[in-house]
Amino acid sequence: MILFAPLCSGSSAYIGTKTEGILVDAGASAKSILTALGEVGVEPGAVKAILVTHDHSDHIKGLRVLTKRLRVPVCSTVETLEGIIDTGNLTPGTEVLELSSQMELAGMEVVPFDTPHDVAHSVGFRIQAGERAIGYATDLGEVTAEIWQGLSGADLVLIESNYEPRLLAISSYPYYLRQRIASDHGHLSNPDCADTVRRLAQTGTARFVLAHLSRENNTPELAAAHGVRQYAPAFGWDYLTEQLAGLDFQAGEVDGIPVDPGGGAGLEPPQGDTQPPQAVR
Ligand SMILES: [Zn+2]
Ligand SMILES: [Zn+2]
């Protein structure tokens, strides 16, 4: 039975069984990630590796302490690993694994795909866990052909729905930052996410997690209204926003919204572009 559990408002996620799995990103404190993990019934020892999408701080904040506590390998692109090490975000002695085009971690097959974002080399993942495929794509300025290939047909897709264009346009962020967020190396807007969700549903994806909502330039309601709600009645999907914590694949109902309220995310405010506006997150 495969668990997909967004942790700490989507700043990390656990994928795997209750006894063996991986974390994707570590954007909250190690303590809160481990607490959230415990709340979905997963012991720290179950984590066999940490996959990292890129080295913006909202994805690696807890990595140094987490690698000290868990003593597991960290896996990402060479450029991201170098960035993490150079900035002291990894406990010395931590094993690092360079991503290859296809690798096995915790009994699951991981296939990375490049994402266009404001860093040296960011990636998303397609993770095959037994019969189930999970797509993970956050922090992307646009959905490229490679991303599309990585996500299409997956059973569950976590995808960024970062900003509402009209809110970004009037946001307090400086002009240059708004330009960068909206660029094709920034973040995915609600309408662009919606379009992708609609197309993915036609490839068979039945579950969506809308993630990385900007606190400043979005709300869960706006993201859901654009991204899923308007299509849900037609297709009978369920959907999750980052407020909803755990999803048990095999026990999940297609028409309901399986929620594990003890998952740690609770009703915390959305996460996303919440840092001081000095860089695209
Ligand atoms: Zn981010
Ligand atoms: Zn980022």
# chains A, B, ... in the order shown; residues from 1 in each chain; ligands from 1
>>> residues_around(residues="Arg64 of chain A", least_positions_apart="2", cutoff="12 Å", atoms="only C-alpha atoms", output="number ranges by chain")
A: 25-31, 50, 57, 59-62, 66-74, 84-85, 87-94
>>> write_last_selection(atoms="C-alpha atoms", output="compact mmCIF listing (two decimals), in the first residue's frame")
# COMPACT_ATOMS: atom_id res chain seq x y z
CA ASP A 25 12.18 18.19 -0.60
CA ALA A 26 12.62 19.43 2.93
CA GLY A 27 11.36 22.99 2.98
CA ALA A 28 10.26 23.08 6.62
CA SER A 29 12.25 22.47 9.77
CA ALA A 30 13.40 18.91 10.35
CA LYS A 31 11.41 18.83 13.54
CA ILE A 50 15.68 12.47 0.28
CA SER A 57 15.53 27.70 0.52
CA HIS A 59 12.80 23.36 -0.53
CA ILE A 60 15.91 22.67 1.55
CA LYS A 61 15.43 24.58 4.77
CA GLY A 62 15.30 21.44 6.93
CA LEU A 66 17.29 16.16 8.64
CA THR A 67 20.42 14.60 7.15
CA LYS A 68 22.04 14.71 10.57
CA ARG A 69 19.08 12.96 12.13
CA LEU A 70 18.28 10.43 9.42
CA ARG A 71 21.71 9.69 7.91
CA VAL A 72 20.22 8.92 4.51
CA PRO A 73 21.46 9.84 1.04
CA VAL A 74 20.36 13.03 -0.66
CA ILE A 84 23.35 22.66 -1.21
CA ILE A 85 26.87 21.74 -0.14
CA THR A 87 25.71 26.88 1.25
CA GLY A 88 26.20 24.53 4.17
CA ASN A 89 22.78 22.98 3.88
CA LEU A 90 24.00 19.41 4.16
CA THR A 91 25.46 17.68 7.20
CA PRO A 92 29.10 16.86 6.38
CA GLY A 93 29.56 13.22 5.52
CA THR A 94 26.09 12.85 4.02
>>> residues_near_ligand(ligand="ligand 2", cutoff="8 Å", atoms="only C-alpha atoms and all ligand atoms", output="CSV table (one decimal) with C-alpha atoms, in the first residue's frame")
chain,number,residue,atom,x,y,z
A,54,HIS,CA,16.2,22.4,-6.4
A,55,ASP,CA,18.1,24.4,-4.0
A,56,HIS,CA,15.8,27.4,-3.2
A,57,SER,CA,15.5,27.7,0.5
A,58,ASP,CA,11.8,26.9,0.6
A,59,HIS,CA,12.8,23.4,-0.5
A,117,HIS,CA,13.0,27.6,-13.1
A,118,ASP,CA,15.3,30.3,-11.8
A,119,VAL,CA,18.1,28.0,-10.6
A,138,THR,CA,6.7,22.2,-8.6
A,139,ASP,CA,8.5,25.5,-9.3
A,140,LEU,CA,8.2,25.5,-13.1
A,186,GLY,CA,9.4,31.3,-12.7
A,187,HIS,CA,6.2,29.7,-11.4
A,280,VAL,CA,12.0,33.7,-7.0
A,281,ARG,CA,11.1,30.8,-4.8
>>> closest_residue(among="A:Leu3, A:Ala223, A:Ile159, A:Leu81", to="ligand 1", atoms="only C-alpha atoms and all ligand atoms")
A:Ile159
>>> atom_distance(atom1="atom CA of Glu43 of chain A", atom2="atom CA of Ala5 of chain A")
13.3 Å
>>> select_by_dssp(residues="segment 31-74 of chain A", states="alpha helix (DSSP H)", output="PyMOL selection string")
chain A and resi 31-39+57-60+63-70
>>> atom_distance(atom1="atom CA of Ser100 of chain A", atom2="atom CA of Thr19 of chain A")
24.8 Å
>>> residues_around(residues="Arg166 of chain A", least_positions_apart="5", cutoff="10 Å", atoms="only C-alpha atoms", output="VMD selection string")
chain A and resid 171 217 to 218
>>> closest_residue(among="A:Val96, A:Val40, A:Leu177, A:Leu213", to="Thr17 of chain A", atoms="only C-alpha atoms")
A:Val40
>>> closest_residue(among="A:Pro44, A:Pro165, A:Gly38, A:Gly10", to="Cys193 of chain A", atoms="only C-alpha atoms")
A:Pro165
>>> select_by_dssp(residues="segment 16-208 of chain A", states="strand (DSSP E)", output="PyMOL selection string")
chain A and resi 16+21-24+47-51+74-76+96-98+103-105+108-115+122-129+132-137+156-160+207-208
>>> write_last_selection(atoms="N, CA and C atoms", output="short mmCIF file (atom, residue, chain, number, x, y, z; two decimals), in the first residue's frame")
data_model
loop_
_atom_site.label_atom_id
_atom_site.label_comp_id
_atom_site.auth_asym_id
_atom_site.auth_seq_id
_atom_site.Cartn_x
_atom_site.Cartn_y
_atom_site.Cartn_z
N GLY A 16 5.76 6.34 -0.28
CA GLY A 16 6.25 4.99 -0.01
C GLY A 16 5.26 4.21 0.83
N GLY A 21 10.33 4.32 2.28
CA GLY A 21 9.93 5.34 1.31
C GLY A 21 10.95 6.46 1.23
N ILE A 22 10.55 7.53 0.56
CA ILE A 22 11.46 8.67 0.36
C ILE A 22 10.74 9.97 0.69
N LEU A 23 11.52 10.96 1.04
CA LEU A 23 10.99 12.32 1.15
C LEU A 23 11.35 13.06 -0.13
N VAL A 24 10.44 13.89 -0.59
CA VAL A 24 10.77 14.80 -1.67
C VAL A 24 10.79 16.21 -1.08
N VAL A 47 12.36 6.39 6.18
CA VAL A 47 12.89 7.26 5.11
C VAL A 47 14.25 6.73 4.67
N LYS A 48 14.35 6.36 3.42
CA LYS A 48 15.59 5.76 2.90
C LYS A 48 16.42 6.75 2.08
N ALA A 49 15.81 7.83 1.64
CA ALA A 49 16.54 8.82 0.85
C ALA A 49 15.71 10.10 0.79
N ILE A 50 16.38 11.20 0.46
CA ILE A 50 15.68 12.47 0.28
C ILE A 50 15.96 12.98 -1.13
N LEU A 51 14.91 13.12 -1.91
CA LEU A 51 15.02 13.68 -3.25
C LEU A 51 14.84 15.19 -3.15
N VAL A 74 21.12 11.96 -0.02
CA VAL A 74 20.36 13.03 -0.66
C VAL A 74 20.62 12.95 -2.15
N CYS A 75 19.56 13.01 -2.90
CA CYS A 75 19.64 12.72 -4.32
C CYS A 75 19.08 13.90 -5.13
N SER A 76 19.90 14.42 -6.03
CA SER A 76 19.42 15.51 -6.89
C SER A 76 20.37 15.67 -8.08
N VAL A 96 25.79 11.66 -1.10
CA VAL A 96 24.99 12.32 -2.14
C VAL A 96 24.91 11.42 -3.37
N LEU A 97 23.75 11.39 -3.95
CA LEU A 97 23.52 10.59 -5.14
C LEU A 97 23.13 11.50 -6.28
N GLU A 98 23.91 11.43 -7.33
CA GLU A 98 23.61 12.21 -8.52
C GLU A 98 22.46 11.54 -9.26
N MET A 103 16.43 5.61 -11.73
CA MET A 103 17.11 4.98 -10.60
C MET A 103 16.10 4.38 -9.64
N GLU A 104 16.59 3.51 -8.78
CA GLU A 104 15.69 2.88 -7.83
C GLU A 104 16.01 3.37 -6.44
N LEU A 105 14.99 3.81 -5.74
CA LEU A 105 15.13 4.27 -4.36
C LEU A 105 13.98 3.67 -3.55
N MET A 108 11.31 1.87 -5.28
CA MET A 108 10.51 2.57 -6.29
C MET A 108 11.42 3.07 -7.41
N GLU A 109 10.84 3.20 -8.57
CA GLU A 109 11.61 3.68 -9.71
C GLU A 109 11.41 5.19 -9.84
N VAL A 110 12.52 5.91 -9.89
CA VAL A 110 12.46 7.38 -9.96
C VAL A 110 13.01 7.84 -11.31
N VAL A 111 12.20 8.57 -12.03
CA VAL A 111 12.64 9.14 -13.30
C VAL A 111 12.52 10.67 -13.20
N PRO A 112 13.65 11.38 -13.26
CA PRO A 112 13.59 12.84 -13.17
C PRO A 112 13.31 13.48 -14.53
N PHE A 113 12.76 14.67 -14.49
CA PHE A 113 12.64 15.47 -15.71
C PHE A 113 12.98 16.92 -15.37
N ASP A 114 13.60 17.62 -16.31
CA ASP A 114 14.02 19.00 -16.07
C ASP A 114 12.81 19.92 -15.96
N THR A 115 12.93 20.91 -15.10
CA THR A 115 11.89 21.93 -14.98
C THR A 115 12.52 23.30 -15.23
N SER A 122 16.95 22.49 -12.00
CA SER A 122 15.86 21.96 -11.18
C SER A 122 15.17 20.82 -11.91
N VAL A 123 14.52 19.99 -11.13
CA VAL A 123 13.85 18.81 -11.71
C VAL A 123 12.51 18.53 -11.01
N GLY A 124 11.71 17.77 -11.70
CA GLY A 124 10.54 17.14 -11.11
C GLY A 124 10.75 15.64 -11.23
N PHE A 125 9.78 14.88 -10.76
CA PHE A 125 9.96 13.43 -10.75
C PHE A 125 8.70 12.68 -11.17
N ARG A 126 8.94 11.56 -11.82
CA ARG A 126 7.88 10.57 -11.96
C ARG A 126 8.33 9.36 -11.16
N ILE A 127 7.51 8.94 -10.24
CA ILE A 127 7.90 7.87 -9.32
C ILE A 127 6.93 6.70 -9.49
N GLN A 128 7.48 5.58 -9.84
CA GLN A 128 6.67 4.39 -10.05
C GLN A 128 6.77 3.53 -8.79
N ALA A 129 5.67 3.38 -8.12
CA ALA A 129 5.64 2.60 -6.88
C ALA A 129 4.68 1.44 -7.10
N ARG A 132 1.46 1.91 -9.13
CA ARG A 132 1.05 3.31 -9.12
C ARG A 132 2.16 4.25 -9.57
N ALA A 133 1.78 5.24 -10.37
CA ALA A 133 2.75 6.25 -10.78
C ALA A 133 2.35 7.60 -10.19
N ILE A 134 3.34 8.30 -9.66
CA ILE A 134 3.11 9.61 -9.05
C ILE A 134 3.96 10.63 -9.80
N GLY A 135 3.36 11.73 -10.20
CA GLY A 135 4.10 12.82 -10.82
C GLY A 135 4.27 13.95 -9.83
N TYR A 136 5.47 14.55 -9.83
CA TYR A 136 5.76 15.60 -8.85
C TYR A 136 6.40 16.76 -9.59
N ALA A 137 5.69 17.86 -9.72
CA ALA A 137 6.21 18.99 -10.51
C ALA A 137 5.88 20.30 -9.84
N LEU A 156 -1.47 9.88 -9.77
CA LEU A 156 -1.60 11.09 -8.95
C LEU A 156 -0.55 12.09 -9.40
N VAL A 157 -0.94 13.34 -9.49
CA VAL A 157 0.03 14.38 -9.85
C VAL A 157 -0.03 15.51 -8.83
N LEU A 158 1.12 15.81 -8.27
CA LEU A 158 1.26 17.04 -7.50
C LEU A 158 1.81 18.08 -8.45
N ILE A 159 1.10 19.18 -8.57
CA ILE A 159 1.54 20.23 -9.50
C ILE A 159 1.36 21.60 -8.87
N GLU A 160 2.31 22.45 -9.20
CA GLU A 160 2.27 23.82 -8.68
C GLU A 160 1.10 24.61 -9.25
N ARG A 207 -6.09 11.90 -9.60
CA ARG A 207 -5.93 12.67 -8.36
C ARG A 207 -4.91 13.77 -8.54
N PHE A 208 -5.24 14.91 -8.00
CA PHE A 208 -4.35 16.06 -8.12
C PHE A 208 -4.11 16.70 -6.76
#
>>> atom_distance(atom1="atom CA of Ala224 of chain A", atom2="atom CA of Glu146 of chain A")
24.9 Å
